[in-house]
file final16.cif (mmCIF, C-alpha atoms)
data_upload
loop_
_atom_site.group_PDB
_atom_site.id
_atom_site.type_symbol
_atom_site.label_atom_id
_atom_site.label_comp_id
_atom_site.auth_asym_id
_atom_site.auth_seq_id
_atom_site.Cartn_x
_atom_site.Cartn_y
_atom_site.Cartn_z
ATOM 1 C CA MET K 1 13.754 -21.169 42.521
ATOM 2 C CA LEU K 2 17.243 -22.326 41.609
ATOM 3 C CA PRO K 3 18.921 -25.147 43.556
ATOM 4 C CA LYS K 4 21.396 -23.701 46.064
ATOM 5 C CA ILE K 5 24.383 -25.460 44.512
ATOM 6 C CA LEU K 6 23.513 -24.063 41.074
ATOM 7 C CA GLU K 7 23.071 -20.559 42.478
ATOM 8 C CA THR K 8 26.491 -20.825 44.128
ATOM 9 C CA ARG K 9 28.173 -21.988 40.916
ATOM 10 C CA ILE K 10 26.616 -19.174 38.877
ATOM 11 C CA ASN K 11 27.672 -16.523 41.398
ATOM 12 C CA GLU K 12 31.209 -17.953 41.405
ATOM 13 C CA PHE K 13 31.217 -17.762 37.599
ATOM 14 C CA LEU K 14 30.019 -14.144 37.673
ATOM 15 C CA PHE K 15 32.628 -13.080 40.222
ATOM 16 C CA VAL K 16 35.543 -14.823 38.488
ATOM 17 C CA ASN K 17 34.646 -13.574 35.003
ATOM 18 C CA TYR K 18 33.003 -10.195 35.662
ATOM 19 C CA GLY K 19 33.688 -9.208 39.264
ATOM 20 C CA ILE K 20 30.001 -9.161 40.209
ATOM 21 C CA GLU K 21 27.664 -11.198 42.361
ATOM 22 C CA GLY K 22 24.056 -10.788 43.408
ATOM 23 C CA THR K 23 20.650 -12.319 43.722
ATOM 24 C CA LEU K 24 19.424 -14.466 40.834
ATOM 25 C CA GLN K 25 15.934 -14.543 39.332
ATOM 26 C CA ARG K 26 14.983 -16.855 36.507
ATOM 27 C CA LEU K 27 13.520 -15.216 33.408
ATOM 28 C CA GLY K 28 11.472 -16.722 30.584
ATOM 29 C CA GLY K 29 12.957 -18.213 27.436
ATOM 30 C CA GLU K 30 14.128 -21.476 25.947
ATOM 31 C CA ASN K 31 17.546 -21.296 27.602
ATOM 32 C CA LEU K 32 18.439 -20.582 31.229
ATOM 33 C CA ASN K 33 18.099 -16.797 31.424
ATOM 34 C CA LEU K 34 18.756 -15.072 34.742
ATOM 35 C CA LEU K 35 18.294 -11.549 36.050
ATOM 36 C CA ILE K 36 21.242 -10.572 38.251
ATOM 37 C CA ALA K 37 20.650 -7.846 40.855
ATOM 38 C CA THR K 38 23.720 -6.626 42.782
ATOM 39 C CA GLU K 39 23.782 -4.903 46.171
ATOM 40 C CA GLN K 40 24.888 -1.744 44.369
ATOM 41 C CA GLY K 41 21.601 -1.641 42.472
ATOM 42 C CA GLU K 42 23.050 -2.784 39.135
ATOM 43 C CA ARG K 43 21.153 -5.283 37.018
ATOM 44 C CA TYR K 44 22.364 -7.678 34.344
ATOM 45 C CA VAL K 45 21.025 -10.613 32.352
ATOM 46 C CA LEU K 46 23.029 -13.846 32.186
ATOM 47 C CA LYS K 47 22.175 -16.205 29.349
ATOM 48 C CA ILE K 48 23.228 -19.846 29.644
ATOM 49 C CA VAL K 49 22.816 -21.445 26.245
ATOM 50 C CA THR K 50 22.171 -25.133 25.686
ATOM 51 C CA GLU K 51 21.767 -25.222 21.895
ATOM 52 C CA GLU K 52 24.336 -26.799 19.579
ATOM 53 C CA SER K 53 25.142 -23.360 18.153
ATOM 54 C CA ALA K 54 25.857 -21.920 21.626
ATOM 55 C CA ASN K 55 29.444 -20.875 20.867
ATOM 56 C CA ASP K 56 28.322 -18.854 17.858
ATOM 57 C CA SER K 57 25.237 -17.214 19.383
ATOM 58 C CA ALA K 58 26.768 -14.390 21.433
ATOM 59 C CA PRO K 59 29.349 -13.260 18.822
ATOM 60 C CA ALA K 60 26.592 -13.166 16.194
ATOM 61 C CA GLU K 61 24.308 -11.141 18.460
ATOM 62 C CA ASP K 62 27.177 -8.755 19.166
ATOM 63 C CA ARG K 63 27.752 -8.205 15.435
ATOM 64 C CA LEU K 64 24.029 -7.580 14.970
ATOM 65 C CA PHE K 65 23.899 -5.054 17.833
ATOM 66 C CA GLN K 66 26.899 -3.218 16.412
ATOM 67 C CA HIS K 67 25.198 -3.030 13.019
ATOM 68 C CA LEU K 68 21.966 -1.691 14.522
ATOM 69 C CA LYS K 69 23.917 0.950 16.414
ATOM 70 C CA ARG K 70 25.622 2.100 13.201
ATOM 71 C CA ALA K 71 22.256 2.067 11.411
ATOM 72 C CA GLY K 72 20.814 4.468 13.985
ATOM 73 C CA PHE K 73 18.135 2.163 15.406
ATOM 74 C CA SER K 74 16.534 4.255 18.142
ATOM 75 C CA ARG K 75 14.832 1.729 20.426
ATOM 76 C CA ASP K 76 16.722 0.333 23.418
ATOM 77 C CA LEU K 77 18.729 -2.835 22.864
ATOM 78 C CA PRO K 78 20.908 -5.037 25.072
ATOM 79 C CA THR K 79 24.663 -5.028 24.739
ATOM 80 C CA ILE K 80 27.028 -7.879 25.495
ATOM 81 C CA ILE K 81 29.549 -7.299 28.296
ATOM 82 C CA LYS K 82 32.982 -8.822 27.817
ATOM 83 C CA SER K 83 34.620 -10.766 30.622
ATOM 84 C CA TYR K 84 37.841 -9.735 32.341
ATOM 85 C CA LYS K 85 39.680 -11.785 29.717
ATOM 86 C CA GLY K 86 37.933 -9.974 26.885
ATOM 87 C CA ASN K 87 35.702 -12.916 26.001
ATOM 88 C CA ILE K 88 32.169 -12.435 24.691
ATOM 89 C CA ASN K 89 31.129 -15.805 26.078
ATOM 90 C CA SER K 90 32.654 -18.269 28.526
ATOM 91 C CA GLY K 91 32.203 -21.845 29.648
ATOM 92 C CA ILE K 92 30.193 -22.519 32.809
ATOM 93 C CA GLU K 93 29.787 -25.851 34.592
ATOM 94 C CA ILE K 94 26.114 -26.172 35.516
ATOM 95 C CA HIS K 95 26.326 -29.689 36.872
ATOM 96 C CA ASN K 96 29.358 -31.907 37.322
ATOM 97 C CA ASN K 97 31.038 -32.352 33.920
ATOM 98 C CA ASP K 98 28.150 -30.482 32.236
ATOM 99 C CA LEU K 99 29.793 -27.511 30.513
ATOM 100 C CA LYS K 100 27.538 -24.866 28.944
ATOM 101 C CA VAL K 101 28.156 -21.502 27.295
ATOM 102 C CA ALA K 102 27.199 -18.294 29.092
ATOM 103 C CA TYR K 103 27.310 -14.594 28.297
ATOM 104 C CA LEU K 104 26.398 -11.466 30.208
ATOM 105 C CA MET K 105 24.309 -8.572 28.936
ATOM 106 C CA ASN K 106 23.197 -5.268 30.343
ATOM 107 C CA TYR K 107 19.641 -5.099 31.650
ATOM 108 C CA VAL K 108 17.284 -3.150 29.371
ATOM 109 C CA PRO K 109 14.682 -1.270 31.459
ATOM 110 C CA GLY K 110 11.023 -1.166 30.527
ATOM 111 C CA GLU K 111 7.707 -2.856 31.226
ATOM 112 C CA VAL K 112 7.390 -6.202 29.490
ATOM 113 C CA LEU K 113 4.419 -6.069 27.111
ATOM 114 C CA GLU K 114 3.293 -9.455 28.447
ATOM 115 C CA LYS K 115 2.383 -7.737 31.749
ATOM 116 C CA ASN K 116 0.192 -5.135 30.037
ATOM 117 C CA THR K 117 -3.378 -6.386 30.415
ATOM 118 C CA ASP K 118 -4.941 -3.478 28.507
ATOM 119 C CA ILE K 119 -3.012 -2.974 25.271
ATOM 120 C CA SER K 120 -4.155 0.167 23.477
ATOM 121 C CA ASN K 121 -4.485 0.545 19.723
ATOM 122 C CA LYS K 122 -1.660 3.093 19.899
ATOM 123 C CA LEU K 123 0.620 0.512 21.484
ATOM 124 C CA ARG K 124 -0.384 -2.129 18.941
ATOM 125 C CA PHE K 125 0.365 0.350 16.173
ATOM 126 C CA ASP K 126 3.745 1.191 17.684
ATOM 127 C CA SER K 127 4.626 -2.482 18.082
ATOM 128 C CA GLY K 128 4.259 -2.793 14.321
ATOM 129 C CA ARG K 129 6.339 0.340 13.769
ATOM 130 C CA ALA K 130 9.032 -0.910 16.137
ATOM 131 C CA MET K 131 9.476 -4.249 14.366
ATOM 132 C CA ALA K 132 9.398 -2.603 10.942
ATOM 133 C CA SER K 133 11.997 -0.074 12.103
ATOM 134 C CA LEU K 134 14.170 -2.954 13.231
ATOM 135 C CA ASP K 135 13.753 -4.745 9.903
ATOM 136 C CA ARG K 136 14.543 -1.551 8.015
ATOM 137 C CA ALA K 137 17.708 -1.104 10.072
ATOM 138 C CA LEU K 138 18.688 -4.740 9.385
ATOM 139 C CA ARG K 139 18.522 -4.339 5.612
ATOM 140 C CA GLY K 140 21.926 -5.120 4.210
ATOM 141 C CA PHE K 141 23.031 -7.017 7.324
ATOM 142 C CA ASP K 142 23.862 -10.671 6.961
ATOM 143 C CA ASP K 143 25.660 -13.214 9.104
ATOM 144 C CA PRO K 144 26.373 -16.947 8.775
ATOM 145 C CA PHE K 145 24.658 -17.552 12.134
ATOM 146 C CA ALA K 146 21.367 -16.257 10.748
ATOM 147 C CA HIS K 147 21.359 -19.036 8.121
ATOM 148 C CA ARG K 148 21.321 -21.883 10.631
ATOM 149 C CA LYS K 149 18.177 -23.973 10.879
ATOM 150 C CA HIS K 150 16.269 -23.719 14.142
ATOM 151 C CA GLN K 151 12.971 -24.982 15.413
ATOM 152 C CA TRP K 152 10.893 -21.795 15.324
ATOM 153 C CA GLU K 153 11.470 -20.402 11.831
ATOM 154 C CA LEU K 154 8.235 -20.440 9.851
ATOM 155 C CA PRO K 155 9.514 -21.763 6.488
ATOM 156 C CA GLN K 156 10.514 -24.942 8.379
ATOM 157 C CA ALA K 157 7.262 -25.239 10.338
ATOM 158 C CA GLY K 158 6.507 -28.614 8.742
ATOM 159 C CA ARG K 159 9.208 -30.275 10.847
ATOM 160 C CA HIS K 160 6.827 -30.112 13.832
ATOM 161 C CA ARG K 161 3.781 -31.589 12.149
ATOM 162 C CA ASP K 162 4.416 -35.038 13.607
ATOM 163 C CA LYS K 163 3.967 -33.534 17.086
ATOM 164 C CA ILE K 164 0.239 -33.123 16.403
ATOM 165 C CA ALA K 165 -0.038 -36.636 17.843
ATOM 166 C CA ALA K 166 0.820 -35.153 21.271
ATOM 167 C CA ILE K 167 -2.397 -33.072 21.253
ATOM 168 C CA GLU K 168 -4.913 -34.982 23.361
ATOM 169 C CA ASN K 169 -8.196 -33.452 22.178
ATOM 170 C CA PRO K 170 -9.269 -34.761 18.713
ATOM 171 C CA SER K 171 -10.971 -31.477 17.761
ATOM 172 C CA ASP K 172 -7.798 -29.583 18.660
ATOM 173 C CA ARG K 173 -5.754 -31.968 16.514
ATOM 174 C CA ALA K 174 -8.117 -31.296 13.611
ATOM 175 C CA LEU K 175 -7.779 -27.550 14.228
ATOM 176 C CA VAL K 176 -3.978 -27.707 14.040
ATOM 177 C CA GLU K 177 -4.199 -29.849 10.897
ATOM 178 C CA TRP K 178 -6.383 -27.111 9.377
ATOM 179 C CA ALA K 179 -3.731 -24.505 10.256
ATOM 180 C CA TYR K 180 -1.010 -26.597 8.625
ATOM 181 C CA GLY K 181 -3.146 -27.050 5.541
ATOM 182 C CA HIS K 182 -3.707 -23.296 5.349
ATOM 183 C CA TRP K 183 0.074 -22.792 5.527
ATOM 184 C CA GLU K 184 0.809 -25.486 2.950
ATOM 185 C CA SER K 185 -1.410 -23.681 0.448
ATOM 186 C CA VAL K 186 1.103 -20.816 0.336
ATOM 187 C CA SER K 187 4.393 -22.286 1.623
ATOM 188 C CA HIS K 188 5.754 -22.932 -1.870
ATOM 189 C CA HIS K 189 5.643 -19.175 -2.507
ATOM 190 C CA LEU K 190 7.865 -18.268 0.459
ATOM 191 C CA THR K 191 11.135 -18.594 -1.471
ATOM 192 C CA GLU K 192 9.899 -15.932 -3.913
ATOM 193 C CA LEU K 193 9.415 -13.276 -1.230
ATOM 194 C CA PRO K 194 11.883 -10.617 -0.021
ATOM 195 C CA HIS K 195 14.316 -12.166 2.477
ATOM 196 C CA GLN K 196 16.495 -10.596 5.163
ATOM 197 C CA VAL K 197 17.712 -11.094 8.715
ATOM 198 C CA ILE K 198 14.819 -10.693 11.164
ATOM 199 C CA HIS K 199 14.413 -10.858 14.948
ATOM 200 C CA GLY K 200 12.193 -13.905 14.550
ATOM 201 C CA ASP K 201 10.600 -13.957 18.020
ATOM 202 C CA ALA K 202 8.569 -10.781 18.569
ATOM 203 C CA ASN K 203 6.492 -12.191 21.398
ATOM 204 C CA LYS K 204 5.171 -10.074 24.255
ATOM 205 C CA GLU K 205 8.027 -11.051 26.588
ATOM 206 C CA ASN K 206 10.552 -9.530 24.194
ATOM 207 C CA LEU K 207 8.951 -6.111 23.689
ATOM 208 C CA LEU K 208 9.562 -3.492 26.393
ATOM 209 C CA THR K 209 7.143 -0.627 26.728
ATOM 210 C CA LYS K 210 6.372 2.651 28.434
ATOM 211 C CA GLY K 211 2.852 3.968 28.027
ATOM 212 C CA ASP K 212 1.776 3.595 24.406
ATOM 213 C CA ARG K 213 5.296 3.144 23.029
ATOM 214 C CA VAL K 214 7.642 0.208 22.537
ATOM 215 C CA THR K 215 10.889 1.414 24.088
ATOM 216 C CA GLY K 216 13.112 -1.597 23.568
ATOM 217 C CA LEU K 217 13.587 -5.091 22.160
ATOM 218 C CA VAL K 218 15.374 -8.042 23.757
ATOM 219 C CA ASP K 219 16.204 -11.713 23.144
ATOM 220 C CA PHE K 220 17.785 -11.967 19.707
ATOM 221 C CA ALA K 221 18.601 -15.665 20.068
ATOM 222 C CA ASP K 222 16.221 -16.602 17.230
ATOM 223 C CA VAL K 223 17.532 -14.200 14.582
ATOM 224 C CA CYS K 224 17.295 -15.819 11.174
ATOM 225 C CA PHE K 225 17.501 -15.080 7.466
ATOM 226 C CA ASN K 226 13.869 -15.553 6.476
ATOM 227 C CA PRO K 227 11.117 -14.050 4.376
ATOM 228 C CA ARG K 228 10.648 -10.541 5.762
ATOM 229 C CA ILE K 229 6.921 -11.102 6.245
ATOM 230 C CA CYS K 230 7.657 -13.741 8.898
ATOM 231 C CA GLU K 231 8.583 -10.952 11.316
ATOM 232 C CA LEU K 232 5.111 -9.451 11.128
ATOM 233 C CA ALA K 233 3.438 -12.879 11.232
ATOM 234 C CA VAL K 234 5.142 -13.785 14.517
ATOM 235 C CA LEU K 235 4.249 -10.409 16.028
ATOM 236 C CA LEU K 236 0.612 -10.783 14.966
ATOM 237 C CA ALA K 237 0.342 -14.275 16.418
ATOM 238 C CA TYR K 238 1.038 -12.864 19.870
ATOM 239 C CA MET K 239 -0.670 -9.479 19.547
ATOM 240 C CA MET K 240 -3.935 -11.152 18.464
ATOM 241 C CA MET K 241 -4.032 -13.584 21.398
ATOM 242 C CA ASP K 242 -6.453 -12.859 24.258
ATOM 243 C CA GLN K 243 -8.085 -9.983 22.371
ATOM 244 C CA ASP K 244 -11.846 -9.394 22.210
ATOM 245 C CA ASP K 245 -11.481 -8.424 18.545
ATOM 246 C CA PRO K 246 -8.293 -10.064 17.200
ATOM 247 C CA MET K 247 -8.821 -8.757 13.651
ATOM 248 C CA LYS K 248 -9.067 -5.187 14.924
ATOM 249 C CA ALA K 249 -5.872 -5.748 16.902
ATOM 250 C CA ALA K 250 -4.177 -7.148 13.792
ATOM 251 C CA SER K 251 -5.227 -4.144 11.735
ATOM 252 C CA SER K 252 -3.502 -1.727 14.132
ATOM 253 C CA VAL K 253 -0.280 -3.758 14.135
ATOM 254 C CA ILE K 254 -0.242 -4.078 10.338
ATOM 255 C CA ARG K 255 -0.846 -0.350 9.862
ATOM 256 C CA GLY K 256 2.091 0.394 12.130
ATOM 257 C CA TYR K 257 4.389 -1.970 10.258
ATOM 258 C CA THR K 258 3.380 -0.756 6.798
ATOM 259 C CA GLU K 259 3.857 2.870 7.800
ATOM 260 C CA VAL K 260 7.595 2.088 7.877
ATOM 261 C CA ILE K 261 7.904 -0.710 5.296
ATOM 262 C CA GLU K 262 5.623 -1.022 2.293
ATOM 263 C CA LEU K 263 4.770 -4.682 1.902
ATOM 264 C CA GLN K 264 4.190 -6.345 -1.427
ATOM 265 C CA GLU K 265 0.781 -7.812 -2.195
ATOM 266 C CA ARG K 266 2.266 -11.287 -2.416
ATOM 267 C CA GLU K 267 3.646 -10.849 1.125
ATOM 268 C CA LEU K 268 0.207 -9.921 2.425
ATOM 269 C CA ASP K 269 -1.246 -12.973 0.658
ATOM 270 C CA VAL K 270 0.800 -15.316 2.864
ATOM 271 C CA LEU K 271 0.573 -13.315 6.100
ATOM 272 C CA PHE K 272 -2.372 -14.992 7.825
ATOM 273 C CA PRO K 273 -1.415 -18.550 6.817
ATOM 274 C CA LEU K 274 1.942 -17.798 8.473
ATOM 275 C CA VAL K 275 0.171 -16.534 11.585
ATOM 276 C CA CYS K 276 -1.825 -19.769 11.645
ATOM 277 C CA VAL K 277 1.219 -21.997 11.368
ATOM 278 C CA ARG K 278 3.085 -20.067 14.073
ATOM 279 C CA LEU K 279 0.151 -20.766 16.375
ATOM 280 C CA ALA K 280 0.066 -24.393 15.222
ATOM 281 C CA VAL K 281 3.763 -24.871 16.027
ATOM 282 C CA SER K 282 3.226 -23.266 19.453
ATOM 283 C CA VAL K 283 0.398 -25.715 20.167
ATOM 284 C CA CYS K 284 2.458 -28.689 18.980
ATOM 285 C CA MET K 285 5.517 -27.724 21.033
ATOM 286 C CA ALA K 286 3.462 -26.900 24.129
ATOM 287 C CA SER K 287 1.514 -30.169 23.919
ATOM 288 C CA MET K 288 4.705 -32.187 23.621
ATOM 289 C CA ARG K 289 6.273 -30.350 26.549
ATOM 290 C CA LEU K 290 3.125 -30.722 28.646
ATOM 291 C CA ALA K 291 3.398 -34.474 28.231
ATOM 292 C CA GLU K 292 7.119 -34.448 29.072
ATOM 293 C CA ASP K 293 7.173 -32.029 32.021
ATOM 294 C CA PRO K 294 3.751 -30.868 33.274
ATOM 295 C CA GLU K 295 5.388 -28.993 36.192
ATOM 296 C CA ASN K 296 7.215 -26.508 33.919
ATOM 297 C CA LEU K 297 4.290 -24.101 33.507
ATOM 298 C CA SER K 298 6.233 -21.515 31.456
ATOM 299 C CA TRP K 299 6.634 -24.071 28.660
ATOM 300 C CA PHE K 300 2.959 -24.151 27.729
ATOM 301 C CA VAL K 301 1.488 -20.898 29.007
ATOM 302 C CA SER K 302 0.346 -19.926 25.492
ATOM 303 C CA LEU K 303 -1.310 -23.280 24.695
ATOM 304 C CA GLU K 304 -4.935 -22.341 25.374
ATOM 305 C CA PRO K 305 -4.688 -18.767 24.002
ATOM 306 C CA ALA K 306 -3.140 -20.130 20.791
ATOM 307 C CA LEU K 307 -5.907 -22.718 20.385
ATOM 308 C CA ASP K 308 -8.581 -20.089 21.024
ATOM 309 C CA LEU K 309 -7.111 -17.758 18.408
ATOM 310 C CA LEU K 310 -6.861 -20.595 15.873
ATOM 311 C CA ARG K 311 -10.550 -21.366 16.398
ATOM 312 C CA ARG K 312 -11.406 -17.744 15.680
ATOM 313 C CA LEU K 313 -9.204 -17.651 12.595
ATOM 314 C CA ARG K 314 -10.760 -20.840 11.265
ATOM 315 C CA ARG K 315 -14.222 -19.297 11.646
ATOM 316 C CA VAL K 316 -13.030 -16.296 9.630
ATOM 317 C CA GLY K 317 -11.472 -18.643 7.057
ATOM 318 C CA THR K 318 -9.206 -15.964 5.656
ATOM 319 C CA ALA K 319 -8.288 -12.458 6.784
ATOM 320 C CA PRO K 320 -10.918 -9.784 6.080
ATOM 321 C CA ALA K 321 -9.701 -7.207 3.608
ATOM 322 C CA ASP K 322 -9.724 -4.390 6.153
ATOM 323 C CA ALA K 323 -7.219 -6.282 8.343
ATOM 324 C CA VAL K 324 -4.437 -5.905 5.792
ATOM 325 C CA THR K 325 -5.179 -2.450 4.420
#
call {"tool": "encode", "arguments": {"input": "final16.cif", "output": "C-alpha cells"}}
result
Amino acid sequence: MLPKILETRINEFLFVNYGIEGTLQRLGGENLNLLIATEQGERYVLKIVTEESANDSAPAEDRLFQHLKRAGFSRDLPTIIKSYKGNINSGIEIHNNDLKVAYLMNYVPGEVLEKNTDISNKLRFDSGRAMASLDRALRGFDDPFAHRKHQWELPQAGRHRDKIAAIENPSDRALVEWAYGHWESVSHHLTELPHQVIHGDANKENLLTKGDRVTGLVDFADVCFNPRICELAVLLAYMMMDQDDPMKAASSVIRGYTEVIELQERELDVLFPLVCVRLAVSVCMASMRLAEDPENLSWFVSLEPALDLLRRLRRVGTAPADAVT
C-alpha cells in the first residue's frame, strides 16, 4: 500500500506528462514499479528508477526493443511510451527534494510464471527456447549501457562474497562458501566464452505465459554484455527452485535452449557453477536485506528456496551428464 501523498504525486505526474490517472498497484522488482489501471480499462507500468544509471536506462531499453522488433522477435515485449513533450523518461519528485527518474511502458498481458504452481516439462522447454530466441535476436546488438557494472551480473559475483557474514546459520554460510568455491574453479574461463547482450534476469516474475508457452518477456533493467551462457544459468537457477526433481527440470530447460542455440562444450562446463553462484548471490543479498528491513517480504522471498536448491546441488557435486545433453 502506497502512502496517500505518494499516490497523489504519482497520479499528478501521470496526468501532467501522459494525460492519464488511475489506481496504483505496486509490482515486484528492485525499483519502484507500479501497475496503473485507468477507469477506461487501460493498463500501464510506471517504473521509477533509483539507480545511478537511471537517466540512461529507459533510452537503452528503447534502443533494445527497437532492435528486437527489427530482428523479428516474436514473443510479446513492452514498449516505452513517450510523454507529451516527447521524452522517454522524466523527473518525478517522490519526496520533498527527492527527484527520481520515471518512464511509462505499456502493460504486457500474460500469466506471470511465478504464479504457476505446476510447471509442465513443455513449459520448461519453452522457457529455454524463449530465452535462446531472445539471445539469437540480440546477436549483433550492442549498447554502451549494457557494459555498465551492476550487482547481479555473474562474472562480478565475487563482489558480494563479503555479505556471507550476514547469513546467520553457520551451515548455510558454509554452503554459500561451497557455491563460491565451485564458481571460482571456472570463473577464470568466463572471458574466453562467447559474449553478447543478454536479458540477465530471467526469473519467474519476468516470464509471461499462457498454457505451456512463454508468451512474453518483461523487465529489461538488468541487460548486460556478458558471457552468453549466463542467460541460461540465471534461468536455470529459478526454474530448478521448488522442484521435486531439479535436475529433470534443468534438462528440459537446457534442451529448449539448445534447440535454438548450439552451446559450446566449454560453455556447458561452466553452466552449473554459474547456477550455484547465482543462488549464492541471491542468498547473500536476501540475508543482508533481511537484517536491514525484515518487513519487506518481497526482498527475500527466494532465500529458503535458493538454500534448498544449493543443498541439493552440493549433494550432486556436479551436474549429471544427462542434465546437459
call {"tool": "atom_distance", "arguments": {"input": "final16.cif", "atom1": "CA of Ile81 in chain K", "atom2": "CA of Asp98 in chain K"}}
result
23.6 Å
call {"tool": "axis_aligned_box", "arguments": {"input": "final16.cif", "around": "range 247-264 of chain K", "padding_each_side": "6 Å", "output": "AutoDock Vina command-line options"}}
result
--center_x -0.6 --center_y -2.9 --center_z 7.7 --size_x 29.0 --size_y 23.6 --size_z 30.3
call {"tool": "closest_atom_pairs", "arguments": {"input": "final16.cif", "of": "range 126-222 of chain K", "to": "range 228-236 of chain K", "cutoff": "7 Å", "atoms": "all atoms listed in the file", "output": "Markdown table"}}
result
| residue | atom | partner | partner_atom | distance |
| --- | --- | --- | --- | --- |
| K:Leu154 | CA | K:Cys230 | CA | 6.8 |
| K:Pro194 | CA | K:Arg228 | CA | 5.9 |
| K:His195 | CA | K:Arg228 | CA | 5.2 |
| K:Gln196 | CA | K:Arg228 | CA | 5.9 |
| K:Ile198 | CA | K:Glu231 | CA | 6.2 |
| K:His199 | CA | K:Glu231 | CA | 6.9 |
| K:Gly200 | CA | K:Glu231 | CA | 5.7 |
| K:Asp201 | CA | K:Val234 | CA | 6.5 |
| K:Ala202 | CA | K:Leu235 | CA | 5.0 |
| K:Asn203 | CA | K:Leu235 | CA | 6.1 |
call {"tool": "atom_distance", "arguments": {"input": "final16.cif", "atom1": "CA of Val283 in chain K", "atom2": "CA of His182 in chain K"}}
result
15.6 Å
call {"tool": "resolve_selection", "arguments": {"input": "final16.cif", "expression": "the PyMOL selection byres ((chain K and resi 165) around 12)", "output": "PyMOL selection string"}}
result
chain K and resi 160-164+166-170+172-174+176-177+283-285+287-288+291
